[in-house]
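S.K.: Just so it is clear, I am handing over entry26.csv, which has CSV, C-alpha atoms.
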```csv
chain,number,residue,atom,x,y,z
A,43,ALA,CA,9.8,10.2,-19.0
A,44,ALA,CA,10.3,7.0,-17.0
A,45,SER,CA,9.8,8.9,-13.8
A,46,ASP,CA,6.5,10.2,-15.0
A,47,VAL,CA,5.4,6.7,-16.0
A,48,TYR,CA,6.4,5.2,-12.7
A,49,LYS,CA,4.1,7.7,-11.0
A,50,ARG,CA,1.4,6.3,-13.2
A,51,GLN,CA,0.4,9.5,-15.0
A,52,GLY,CA,0.4,8.1,-18.5
A,53,GLY,CA,-1.5,5.5,-20.6
A,54,LYS,CA,-0.3,2.5,-22.6
A,55,ARG,CA,1.2,4.7,-25.4
A,56,GLU,CA,3.3,6.7,-23.0
A,57,ILE,CA,4.5,3.5,-21.2
A,58,ASP,CA,5.5,1.8,-24.4
A,59,ALA,CA,7.4,5.0,-25.5
A,60,ALA,CA,9.2,5.1,-22.1
A,61,LEU,CA,10.3,1.5,-22.4
A,62,GLU,CA,11.7,2.1,-25.8
A,63,SER,CA,13.6,5.2,-24.5
A,64,LEU,CA,15.0,3.1,-21.7
A,65,ARG,CA,16.1,0.4,-24.1
A,66,ARG,CA,17.9,2.9,-26.2
A,67,ALA,CA,19.5,4.4,-23.1
A,68,ILE,CA,20.8,1.0,-22.0
A,69,GLU,CA,22.3,0.4,-25.5
A,70,LEU,CA,24.2,3.6,-25.2
A,71,ASN,CA,25.3,3.0,-21.6
A,72,PRO,CA,24.8,-0.5,-20.3
A,73,THR,CA,26.2,0.3,-16.9
A,74,TYR,CA,23.8,3.1,-16.0
A,75,GLU,CA,21.8,1.5,-13.2
A,76,PRO,CA,18.8,3.9,-13.0
A,77,SER,CA,17.7,2.8,-16.5
A,78,TYR,CA,17.3,-0.7,-15.3
A,79,HIS,CA,15.6,0.4,-12.1
A,80,TRP,CA,12.9,2.4,-14.1
A,81,MET,CA,12.5,-0.4,-16.6
A,82,ALA,CA,11.8,-2.9,-13.8
A,83,ALA,CA,9.4,-0.4,-12.2
A,84,ILE,CA,7.4,0.0,-15.4
A,85,TYR,CA,7.2,-3.8,-16.0
A,86,ARG,CA,6.1,-4.3,-12.4
A,87,GLN,CA,3.8,-1.3,-11.8
A,88,ASP,CA,2.3,-0.6,-15.2
A,89,ARG,CA,2.6,-3.7,-17.3
A,90,GLY,CA,1.9,-6.3,-14.6
A,91,GLU,CA,4.9,-8.3,-16.0
A,92,HIS,CA,6.2,-9.3,-12.6
A,93,GLU,CA,8.6,-12.0,-13.7
A,94,ALA,CA,10.3,-9.6,-16.2
A,95,ALA,CA,10.7,-7.0,-13.5
A,96,PHE,CA,12.1,-9.6,-11.1
A,97,ARG,CA,14.7,-10.8,-13.6
A,98,ILE,CA,15.9,-7.2,-14.1
A,99,THR,CA,16.1,-6.7,-10.3
A,100,GLU,CA,17.9,-10.0,-9.8
A,101,ASN,CA,20.6,-9.0,-12.4
A,102,LEU,CA,21.0,-5.6,-10.8
A,103,ALA,CA,21.4,-7.1,-7.3
A,104,ARG,CA,24.2,-9.4,-8.6
A,105,ARG,CA,25.9,-6.4,-10.2
A,106,SER,CA,25.4,-3.9,-7.4
A,107,PRO,CA,24.5,-5.7,-4.2
A,108,TYR,CA,25.2,-2.8,-1.9
A,109,GLN,CA,23.5,0.1,-3.9
A,110,ARG,CA,20.6,1.1,-1.6
A,111,ASN,CA,17.8,1.4,-4.1
A,112,VAL,CA,18.8,-1.9,-5.8
A,113,PHE,CA,19.1,-3.6,-2.4
A,114,TRP,CA,15.7,-2.4,-1.1
A,115,THR,CA,13.9,-3.3,-4.3
A,116,HIS,CA,15.4,-6.7,-4.4
A,117,ILE,CA,14.5,-7.4,-0.7
A,118,GLY,CA,10.9,-6.3,-1.5
A,119,GLU,CA,10.8,-8.7,-4.4
A,120,LEU,CA,12.2,-11.6,-2.3
A,121,LEU,CA,9.8,-11.0,0.6
A,122,ALA,CA,6.8,-10.8,-1.8
A,123,ARG,CA,7.7,-14.3,-3.0
A,124,GLY,CA,8.1,-15.7,0.5
A,125,ARG,CA,11.9,-16.1,0.2
A,126,ILE,CA,12.3,-14.8,3.7
A,127,GLN,CA,15.6,-16.6,4.6
A,128,GLU,CA,17.3,-15.4,1.4
A,129,ALA,CA,16.1,-11.9,2.2
A,130,ALA,CA,17.4,-12.1,5.7
A,131,GLN,CA,20.8,-13.3,4.5
A,132,ARG,CA,21.0,-10.4,2.1
A,133,VAL,CA,20.1,-8.0,4.9
A,134,SER,CA,22.8,-9.6,7.1
A,135,ASN,CA,25.4,-9.1,4.4
A,136,MET,CA,24.3,-5.5,3.8
A,137,ARG,CA,24.6,-4.7,7.5
A,138,ILE,CA,28.4,-5.0,7.3
A,139,VAL,CA,28.5,-2.3,4.6
A,140,ASP,CA,25.4,-0.1,5.3
A,141,ALA,CA,23.7,-0.7,8.6
A,142,LEU,CA,21.0,1.9,8.1
A,143,ALA,CA,20.0,0.4,4.7
A,144,ALA,CA,19.9,-3.0,6.4
A,145,ASP,CA,17.7,-1.7,9.2
A,146,TRP,CA,15.1,-0.3,6.7
A,147,SER,CA,14.7,-3.8,5.2
A,148,GLN,CA,14.9,-5.6,8.6
A,149,GLN,CA,11.8,-3.6,9.5
A,150,ASP,CA,9.9,-5.2,6.5
A,151,ILE,CA,11.0,-8.7,7.5
A,152,ASP,CA,10.1,-8.2,11.2
A,153,ALA,CA,6.7,-6.7,10.3
A,154,LEU,CA,5.5,-9.9,8.5
A,155,ASN,CA,2.8,-12.2,10.0
A,156,GLY,CA,0.9,-9.3,11.6
A,157,ASN,CA,3.7,-8.0,13.7
A,158,TRP,CA,2.5,-4.4,13.5
A,159,ALA,CA,4.0,-3.5,16.9
A,160,SER,CA,7.4,-4.4,15.6
A,161,GLU,CA,6.9,-2.3,12.5
A,162,LEU,CA,5.9,0.6,14.6
A,163,ILE,CA,8.9,0.3,16.9
A,164,TRP,CA,11.2,0.2,13.9
A,165,ALA,CA,9.6,3.4,12.6
A,166,LEU,CA,10.4,5.0,15.9
A,167,LYS,CA,14.0,3.7,15.8
A,168,LEU,CA,14.6,5.0,12.3
A,169,HIS,CA,12.6,8.2,12.5
A,170,ASN,CA,15.6,10.5,12.8
A,171,GLU,CA,17.2,9.0,9.8
A,172,TRP,CA,14.2,9.0,7.4
A,173,PRO,CA,11.7,11.3,9.1
A,174,GLY,CA,9.3,11.6,6.1
A,175,ARG,CA,9.0,7.9,5.3
A,176,MET,CA,9.0,6.7,8.9
A,177,HIS,CA,6.5,9.3,10.0
A,178,TYR,CA,4.1,7.9,7.4
A,179,ILE,CA,4.7,4.4,8.6
A,180,LEU,CA,4.3,5.5,12.2
A,181,THR,CA,1.0,7.2,11.7
A,182,TRP,CA,-0.5,4.2,9.9
A,183,THR,CA,0.8,1.6,12.3
A,184,LEU,CA,-0.7,3.6,15.1
A,185,VAL,CA,-4.0,3.2,13.2
A,186,ALA,CA,-3.4,-0.5,12.8
A,187,VAL,CA,-2.9,-1.0,16.5
A,188,GLY,CA,-6.0,1.0,17.3
A,189,LEU,CA,-4.4,4.2,18.6
A,190,HIS,CA,-6.5,6.5,16.4
A,191,GLU,CA,-6.4,9.6,18.5
A,192,GLU,CA,-2.6,9.3,18.8
A,193,ALA,CA,-2.4,9.0,15.0
A,194,LYS,CA,-4.6,12.1,14.5
A,195,ARG,CA,-2.5,14.0,17.1
A,196,LEU,CA,0.7,13.1,15.3
A,197,VAL,CA,-0.5,14.2,11.8
A,198,ASN,CA,-2.1,17.4,13.2
A,199,SER,CA,1.3,18.4,14.6
A,200,ASP,CA,3.5,18.1,11.6
A,201,GLY,CA,1.8,20.3,9.0
A,202,ARG,CA,1.9,17.6,6.3
A,203,PRO,CA,-1.3,16.6,4.3
A,204,HIS,CA,-2.8,13.4,5.6
A,205,ASP,CA,-6.2,13.5,3.9
A,206,ASP,CA,-6.2,9.7,3.4
A,207,LEU,CA,-5.7,9.0,7.1
A,208,ILE,CA,-8.3,11.4,8.3
A,209,MET,CA,-10.8,10.1,5.7
A,210,THR,CA,-10.2,6.6,7.3
A,211,ILE,CA,-10.4,7.4,11.0
A,212,GLY,CA,-11.9,10.9,11.2
A,213,ASP,CA,-15.4,11.8,12.2
A,214,HIS,CA,-18.2,12.6,9.7
A,215,GLY,CA,-17.5,16.3,9.8
A,216,GLU,CA,-13.8,15.9,9.3
A,217,ARG,CA,-14.4,13.6,6.4
A,218,ILE,CA,-16.9,15.9,4.7
A,219,SER,CA,-14.6,18.8,5.1
A,220,ILE,CA,-11.8,16.9,3.3
A,221,VAL,CA,-14.1,15.8,0.6
A,222,GLU,CA,-15.2,19.3,-0.3
A,223,SER,CA,-11.6,20.6,0.0
A,224,LEU,CA,-10.4,17.9,-2.5
A,225,ALA,CA,-13.2,18.6,-4.9
A,226,LYS,CA,-12.3,22.3,-4.8
A,227,ASP,CA,-8.6,21.5,-5.3
A,228,TYR,CA,-9.4,19.4,-8.3
A,229,PRO,CA,-12.4,21.0,-10.0
A,230,GLU,CA,-11.7,19.2,-13.3
A,231,PRO,CA,-12.3,15.5,-13.2
A,232,ASP,CA,-10.0,15.0,-16.2
A,233,ASP,CA,-7.0,15.9,-14.0
A,234,PRO,CA,-5.3,12.5,-13.3
A,235,LYS,CA,-4.2,13.9,-9.9
A,236,GLY,CA,-7.8,14.2,-8.9
A,237,ILE,CA,-8.2,10.5,-8.1
A,238,SER,CA,-8.0,11.3,-4.4
A,239,ALA,CA,-11.1,13.5,-4.8
A,240,GLY,CA,-12.9,10.7,-6.6
A,241,VAL,CA,-12.2,8.1,-3.9
A,242,ALA,CA,-13.2,10.6,-1.2
A,243,LEU,CA,-16.4,11.4,-2.9
A,244,ALA,CA,-17.2,7.7,-3.3
A,245,ALA,CA,-16.3,7.1,0.3
A,246,VAL,CA,-19.1,9.3,1.5
A,247,GLY,CA,-21.5,7.8,-1.1
A,248,ASP,CA,-21.5,10.7,-3.6
A,249,TYR,CA,-21.1,8.4,-6.5
A,250,LYS,CA,-22.4,10.8,-9.1
A,251,ARG,CA,-19.7,13.4,-8.5
A,252,ALA,CA,-17.1,10.6,-7.9
A,253,LEU,CA,-17.6,8.8,-11.2
A,254,PRO,CA,-15.9,11.3,-13.6
A,255,TYR,CA,-12.8,11.3,-11.5
A,256,LEU,CA,-12.7,7.5,-11.2
A,257,GLU,CA,-13.2,7.1,-15.0
A,258,THR,CA,-10.2,9.3,-15.6
A,259,TRP,CA,-8.1,7.1,-13.3
A,260,TRP,CA,-9.4,4.0,-15.2
A,261,ARG,CA,-8.6,5.4,-18.6
A,262,GLY,CA,-5.1,6.4,-17.6
A,263,TRP,CA,-3.9,3.3,-15.7
A,264,THR,CA,-3.0,0.2,-17.6
A,265,GLN,CA,-3.7,-2.4,-14.9
A,266,VAL,CA,-5.4,-2.7,-11.5
A,267,GLY,CA,-2.7,-3.6,-9.0
A,268,ALA,CA,-2.9,-5.1,-5.5
A,269,GLY,CA,-2.5,-1.6,-4.1
A,270,ASP,CA,-5.4,-0.2,-6.2
A,271,SER,CA,-8.2,-2.1,-4.5
A,272,LEU,CA,-9.9,0.9,-2.9
A,273,MET,CA,-10.0,2.8,-6.1
A,274,ALA,CA,-11.3,-0.2,-8.0
A,275,GLN,CA,-14.0,-0.8,-5.3
A,276,ALA,CA,-15.0,2.9,-5.6
A,277,LEU,CA,-15.3,2.7,-9.4
A,278,ILE,CA,-17.3,-0.6,-9.2
A,279,ALA,CA,-19.8,1.1,-6.8
A,280,ALA,CA,-20.0,4.3,-8.8
A,281,ARG,CA,-20.7,2.4,-12.1
A,282,ARG,CA,-23.3,0.2,-10.4
A,283,ASP,CA,-24.9,3.3,-9.0
A,284,ALA,CA,-25.1,4.7,-12.5
A,285,GLY,CA,-26.7,1.5,-13.8
A,286,ASP,CA,-23.5,0.3,-15.6
A,287,GLN,CA,-23.3,-3.3,-14.4
A,288,GLU,CA,-21.2,-4.3,-17.4
A,289,GLY,CA,-18.7,-1.6,-16.6
A,290,ALA,CA,-18.6,-2.8,-13.0
A,291,ASP,CA,-17.9,-6.3,-14.1
A,292,GLU,CA,-15.0,-5.0,-16.3
A,293,VAL,CA,-13.3,-3.7,-13.2
A,294,ILE,CA,-13.9,-6.9,-11.3
A,295,GLU,CA,-12.4,-8.9,-14.1
A,296,ALA,CA,-9.3,-6.6,-14.2
A,297,LEU,CA,-8.8,-7.2,-10.5
A,298,LYS,CA,-9.0,-11.0,-11.0
A,299,THR,CA,-6.6,-10.8,-14.0
A,300,ASN,CA,-4.0,-9.1,-12.0
A,301,VAL,CA,-4.4,-11.5,-9.1
A,302,ARG,CA,-3.7,-14.3,-11.6
A,303,ARG,CA,-0.6,-12.5,-12.8
A,304,LEU,CA,0.7,-12.0,-9.2
A,305,ARG,CA,0.1,-15.6,-8.3
A,306,ALA,CA,1.8,-16.8,-11.5
A,307,ALA,CA,4.8,-14.8,-10.5
A,308,GLY,CA,4.9,-16.4,-7.0
A,309,ILE,CA,3.8,-13.2,-5.3
A,310,THR,CA,1.6,-14.5,-2.4
A,311,VAL,CA,3.0,-13.2,0.9
A,312,THR,CA,0.8,-10.9,2.9
A,313,SER,CA,1.9,-7.8,4.7
A,314,ARG,CA,0.0,-5.1,6.7
A,315,THR,CA,-0.6,-3.1,3.5
A,316,HIS,CA,-0.6,-5.7,0.7
A,317,SER,CA,-2.4,-9.0,0.2
A,318,VAL,CA,-3.2,-10.8,-3.0
A,319,ASP,CA,-5.7,-12.9,-1.0
A,320,TYR,CA,-7.6,-9.7,0.1
A,321,VAL,CA,-7.8,-8.3,-3.5
A,322,GLU,CA,-9.0,-11.6,-4.8
A,323,GLY,CA,-11.4,-12.0,-1.9
A,324,VAL,CA,-12.9,-8.5,-2.6
A,325,ALA,CA,-13.2,-9.2,-6.3
A,326,SER,CA,-14.8,-12.6,-5.7
A,327,TYR,CA,-17.3,-11.1,-3.2
A,328,LEU,CA,-18.2,-8.3,-5.6
A,329,ALA,CA,-18.7,-10.8,-8.4
A,330,GLY,CA,-21.3,-12.7,-6.3
A,331,GLU,CA,-18.9,-15.4,-5.1
A,332,ARG,CA,-19.8,-14.7,-1.5
A,333,GLU,CA,-18.3,-17.7,0.4
A,334,ASN,CA,-15.1,-17.8,-1.5
A,335,GLY,CA,-14.6,-14.0,-1.2
A,336,LEU,CA,-15.1,-14.0,2.6
A,337,GLU,CA,-12.9,-17.0,3.0
A,338,LEU,CA,-10.0,-15.2,1.2
A,339,ILE,CA,-10.6,-12.0,3.1
A,340,ALA,CA,-10.4,-14.0,6.4
A,341,LYS,CA,-7.2,-15.6,5.3
A,342,ALA,CA,-5.7,-12.2,4.5
A,343,ALA,CA,-6.5,-10.9,7.9
A,344,LYS,CA,-5.2,-14.0,9.6
A,345,ASP,CA,-1.9,-13.6,7.8
A,346,GLY,CA,-1.5,-10.0,8.9
A,347,PHE,CA,-3.3,-7.8,6.4
A,348,PHE,CA,-4.9,-4.8,8.1
A,349,ILE,CA,-8.5,-4.2,7.0
A,350,LEU,CA,-9.3,-0.5,7.1
A,351,PRO,CA,-12.5,0.4,9.0
A,352,PRO,CA,-15.3,-0.3,6.5
A,353,GLU,CA,-17.5,2.4,8.0
A,354,ALA,CA,-15.2,4.9,6.4
A,355,PHE,CA,-16.1,3.7,2.9
A,356,ALA,CA,-19.7,3.8,1.7
A,357,PHE,CA,-18.8,1.4,-1.1
A,358,GLN,CA,-18.1,-1.3,1.4
A,359,SER,CA,-21.5,-1.1,3.1
A,360,SER,CA,-22.8,-4.4,1.9
A,361,LEU,CA,-19.6,-6.2,2.9
A,362,ALA,CA,-19.7,-4.6,6.3
A,363,LYS,CA,-23.1,-6.1,7.0
A,364,GLU,CA,-21.9,-9.7,6.4
A,365,PRO,CA,-21.9,-11.6,9.7
A,366,GLU,CA,-18.7,-13.4,8.7
A,367,PHE,CA,-17.0,-10.1,7.9
A,368,VAL,CA,-18.0,-8.8,11.3
A,369,ARG,CA,-16.4,-11.9,12.8
A,370,ILE,CA,-13.2,-11.2,10.8
A,371,LEU,CA,-13.1,-7.6,12.2
A,372,ASP,CA,-13.7,-8.9,15.7
A,373,ASP,CA,-10.7,-11.2,15.4
A,374,GLN,CA,-8.7,-8.3,14.0
A,375,ALA,CA,-9.7,-6.1,17.0
A,376,LYS,CA,-8.3,-8.8,19.3
A,377,HIS,CA,-5.1,-8.9,17.4
A,378,GLN,CA,-5.0,-5.1,17.5
A,379,ALA,CA,-5.3,-5.1,21.3
A,380,ARG,CA,-2.4,-7.5,21.6
A,381,GLU,CA,-0.1,-5.5,19.3
A,382,ARG,CA,-1.2,-2.3,21.1
A,383,GLU,CA,-0.1,-3.7,24.4
A,384,LYS,CA,3.3,-4.5,23.0
A,385,VAL,CA,3.8,-0.9,21.8
A,386,LEU,CA,2.6,0.6,25.1
A,387,GLN,CA,5.0,-1.6,27.1
A,388,VAL,CA,7.9,0.0,25.2
A,389,VAL,CA,6.8,3.7,25.1
A,390,CYS,CA,4.9,4.3,28.3
A,391,LYS,CA,7.8,4.0,30.7
A,392,ASP,CA,11.3,5.4,30.0
A,393,ASN,CA,10.3,5.9,26.4
A,394,PRO,CA,13.6,5.5,24.3
A,395,TYR,CA,11.9,7.2,21.3
A,396,ALA,CA,10.4,10.3,22.9
A,397,ASP,CA,11.8,12.5,20.2
A,398,ALA,CA,9.7,10.7,17.6
A,399,TRP,CA,6.5,10.1,19.5
A,400,THR,CA,5.4,10.4,23.2
A,401,PRO,CA,1.9,9.0,23.9
A,402,LEU,CA,-0.5,10.9,26.1
A,403,ASP,CA,-0.9,9.9,29.7
A,404,GLU,CA,-4.5,8.7,29.1
A,405,THR,CA,-3.2,6.5,26.3
A,406,CYS,CA,-0.9,4.7,28.7
A,407,GLU,CA,-3.6,4.5,31.3
A,408,SER,CA,-6.1,2.9,29.0
```
Let me see the structure of the file written as structure tokens.
M.R.:
Amino acid sequence: AASDVYKRQGGKREIDAALESLRRAIELNPTYEPSYHWMAAIYRQDRGEHEAAFRITENLARRSPYQRNVFWTHIGELLARGRIQEAAQRVSNMRIVDALAADWSQQDIDALNGNWASELIWALKLHNEWPGRMHYILTWTLVAVGLHEEAKRLVNSDGRPHDDLIMTIGDHGERISIVESLAKDYPEPDDPKGISAGVALAAVGDYKRALPYLETWWRGWTQVGAGDSLMAQALIAARRDAGDQEGADEVIEALKTNVRRLRAAGITVTSRTHSVDYVEGVASYLAGERENGLELIAKAAKDGFFILPPEAFAFQSSLAKEPEFVRILDDQAKHQAREREKVLQVVCKDNPYADAWTPLDETCES
């Protein structure tokens, strides 16, 4: 039950029931670590009670400092709160016992402050140990440093589904093909797994077909987290398109509420994929607070958050036209070029990671 909730398939009633089951499990066996792990995940991901989740994680880390999942979760919590030195010391201690687990978290530390090249190189180093996870990081860091064709070549070679990546960097024909494929795979908008179809439909501006899928997501999820920004933006646009401004405002307020929760818990650090500043900036912009919104988005980008190409998302069309947002993207492009050069210096001559990825000759010559 906890696993299902963690994957965000249930509503408030299911979440409350799962928490009660976990409490009973802990009473019966107080030393069974997975019960605490799932409880922390529910508090964090589904309840937005970040401090409660952190307290559980801290206690687990003291009891089982070298258990991998406990260690990784604790490092993530420390980094999110800006406790970098403490995280680095924990990684150093872990390296004595489990060097591979330490390397995984060292990647997260080294990738902060927009060091996308470092994150990509770590993904290459660790690819043989964790091919699935590192392949995902590798493809998206290739996008971040502007090597779109290399990312597409990589995903086309492994046979795994990468609809989200192709929707982001593919051409119009590729994107439409994925949209129709997802709509066919999930013909019933009431299927919670169909959220990918809803976002894809909204991304190409088909708000009427997207709305039922997005409403299903909204009914089933108990909070709008920092990682849900695209889905929230899609729903806001679809509701506005349907003339439901009040409904759009409801989603905007949910974004702002969760930002307040995150900041109250001390979660402020920006990474390539997560930024409280970015979520608040988008929410502020969509609420009509233009200057404040753009200022926060600019701060997020400066601190290392990667803004996905807005041309891939119809619901970002108004933001994409803002002169200040264009300047933010221009600055990001300059940063991309610097990070790309760092990557190419490593892999274009005597590539030590050729088994994970070898760039095309024309990539190295560009």
S.K.: For a quick check of understanding, using only C-alpha atoms, which of A:Pro107, A:Gly188, A:Gly247, A:Gly285 has the smallest distance to Arg380 (chain A)?
M.R.: A:Gly188
S.K.: Counting only C-alpha atoms, what is within 10 Å of region 134-139 of chain A, bar same-chain residues fewer than 6 positions away, as a PyMOL selection string?
M.R.: chain A and resi 107-110+113+128+145+147-148
S.K.: Distance cut-off 12 Å, centre (-6.1, 16.6, 14.9) in file coordinates, counting all atoms listed in the file: which residues qualify? Return them as a ChimeraX atom specification.
M.R.: /A:190-205,207-208,211-213,216
S.K.: Give me, please, the distance in Å between CA of Trp263 (chain A) and CA of Gly174 (chain A), quoted to one decimal.
M.R.: 26.8 Å
S.K.: Quick one: residues within 10 Å of Ala396 (chain A), only C-alpha atoms counted, chain neighbours fewer than 6 positions away excluded, as a PyMOL selection string?
M.R.: chain A and resi 166+389-390
S.K.: For each of A:Leu168, A:Ile237, A:Ala82, A:Leu277, take the minimum atom-to-atom distance to Trp146 (chain A), counting only C-alpha atoms, then give the residue where this is smallest.
M.R.: A:Leu168
S.K.: Between A:Ala239, A:Ile339, A:Ala95, A:Ala225, which is the closest to Leu304 (chain A) once you count all atoms listed in the file?
M.R.: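 Looking at the shortest contact to Leu304 (chain A), the residue is A:Ala95.
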S.K.: How would you write as a PDB file with C-alpha atoms, in the frame of the given file the residues that get within 12 Å of (-5.5, -3.2, -7.1) in the file's frame, counting all atoms listed in the file?
M.R.:
```pdb
ATOM      1  CA  GLN A  87       3.800  -1.300 -11.800  1.00  0.00           C
ATOM      2  CA  ASP A  88       2.300  -0.600 -15.200  1.00  0.00           C
ATOM      3  CA  GLY A  90       1.900  -6.300 -14.600  1.00  0.00           C
ATOM      4  CA  TRP A 260      -9.400   4.000 -15.200  1.00  0.00           C
ATOM      5  CA  TRP A 263      -3.900   3.300 -15.700  1.00  0.00           C
ATOM      6  CA  THR A 264      -3.000   0.200 -17.600  1.00  0.00           C
ATOM      7  CA  GLN A 265      -3.700  -2.400 -14.900  1.00  0.00           C
ATOM      8  CA  VAL A 266      -5.400  -2.700 -11.500  1.00  0.00           C
ATOM      9  CA  GLY A 267      -2.700  -3.600  -9.000  1.00  0.00           C
ATOM     10  CA  ALA A 268      -2.900  -5.100  -5.500  1.00  0.00           C
ATOM     11  CA  GLY A 269      -2.500  -1.600  -4.100  1.00  0.00           C
ATOM     12  CA  ASP A 270      -5.400  -0.200  -6.200  1.00  0.00           C
ATOM     13  CA  SER A 271      -8.200  -2.100  -4.500  1.00  0.00           C
ATOM     14  CA  LEU A 272      -9.900   0.900  -2.900  1.00  0.00           C
ATOM     15  CA  MET A 273     -10.000   2.800  -6.100  1.00  0.00           C
ATOM     16  CA  ALA A 274     -11.300  -0.200  -8.000  1.00  0.00           C
ATOM     17  CA  GLN A 275     -14.000  -0.800  -5.300  1.00  0.00           C
ATOM     18  CA  ALA A 276     -15.000   2.900  -5.600  1.00  0.00           C
ATOM     19  CA  LEU A 277     -15.300   2.700  -9.400  1.00  0.00           C
ATOM     20  CA  VAL A 293     -13.300  -3.700 -13.200  1.00  0.00           C
ATOM     21  CA  ILE A 294     -13.900  -6.900 -11.300  1.00  0.00           C
ATOM     22  CA  GLU A 295     -12.400  -8.900 -14.100  1.00  0.00           C
ATOM     23  CA  ALA A 296      -9.300  -6.600 -14.200  1.00  0.00           C
ATOM     24  CA  LEU A 297      -8.800  -7.200 -10.500  1.00  0.00           C
ATOM     25  CA  LYS A 298      -9.000 -11.000 -11.000  1.00  0.00           C
ATOM     26  CA  THR A 299      -6.600 -10.800 -14.000  1.00  0.00           C
ATOM     27  CA  ASN A 300      -4.000  -9.100 -12.000  1.00  0.00           C
ATOM     28  CA  VAL A 301      -4.400 -11.500  -9.100  1.00  0.00           C
ATOM     29  CA  ARG A 303      -0.600 -12.500 -12.800  1.00  0.00           C
ATOM     30  CA  LEU A 304       0.700 -12.000  -9.200  1.00  0.00           C
ATOM     31  CA  THR A 315      -0.600  -3.100   3.500  1.00  0.00           C
ATOM     32  CA  HIS A 316      -0.600  -5.700   0.700  1.00  0.00           C
ATOM     33  CA  SER A 317      -2.400  -9.000   0.200  1.00  0.00           C
ATOM     34  CA  VAL A 318      -3.200 -10.800  -3.000  1.00  0.00           C
ATOM     35  CA  ASP A 319      -5.700 -12.900  -1.000  1.00  0.00           C
ATOM     36  CA  TYR A 320      -7.600  -9.700   0.100  1.00  0.00           C
ATOM     37  CA  VAL A 321      -7.800  -8.300  -3.500  1.00  0.00           C
ATOM     38  CA  GLU A 322      -9.000 -11.600  -4.800  1.00  0.00           C
ATOM     39  CA  GLY A 323     -11.400 -12.000  -1.900  1.00  0.00           C
ATOM     40  CA  VAL A 324     -12.900  -8.500  -2.600  1.00  0.00           C
ATOM     41  CA  ALA A 325     -13.200  -9.200  -6.300  1.00  0.00           C
TER      42      ALA A 325
END
```
S.K.: So which residues touch Asp373 (chain A) within 9 Å, counting all atoms listed in the file, skipping near sequence neighbours fewer than 5 positions away, as an MDAnalysis selection string?
M.R.: chainID A and resid 343:344 368 378
S.K.: List the neighbours of Leu350 (chain A) out to 9 Å using only C-alpha atoms; skip same-chain residues closer than 5 positions along the sequence, and give me the result as a ChimeraX atom specification.
M.R.: /A:185-186,210-211
S.K.: For C-alpha atoms, I'd like the residues from the last selection saved as a PDB file, in the frame of the given file.
M.R.:
```pdb
ATOM      1  CA  VAL A 185      -4.000   3.200  13.200  1.00  0.00           C
ATOM      2  CA  ALA A 186      -3.400  -0.500  12.800  1.00  0.00           C
ATOM      3  CA  THR A 210     -10.200   6.600   7.300  1.00  0.00           C
ATOM      4  CA  ILE A 211     -10.400   7.400  11.000  1.00  0.00           C
TER       5      ILE A 211
END
```
S.K.: Between CA of Ser160 (chain A) and CA of Val385 (chain A), what is the spacing in Å?
M.R.: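 Rounded to one decimal, the two atoms are 8.0 Å apart.
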S.K.: Might you pull out every residue within 9 Å of Ile218 (chain A), with all atoms listed in the file counted and same-chain residues fewer than 6 positions away left off, and present them as a list in words?
M.R.: Met209, Ala242, Leu243 and Val246 of chain A
S.K.: Take the residues from that selection and put them in a file with C-alpha atoms, as a short mmCIF file (atom, residue, chain, number, x, y, z; two decimals), keeping the file's coordinate frame.
M.R.:
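What follows is the written file part04.cif:
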```cif
data_model
loop_
_atom_site.label_atom_id
_atom_site.label_comp_id
_atom_site.auth_asym_id
_atom_site.auth_seq_id
_atom_site.Cartn_x
_atom_site.Cartn_y
_atom_site.Cartn_z
CA MET A 209 -10.80 10.10 5.70
CA ALA A 242 -13.20 10.60 -1.20
CA LEU A 243 -16.40 11.40 -2.90
CA VAL A 246 -19.10 9.30 1.50
#
```
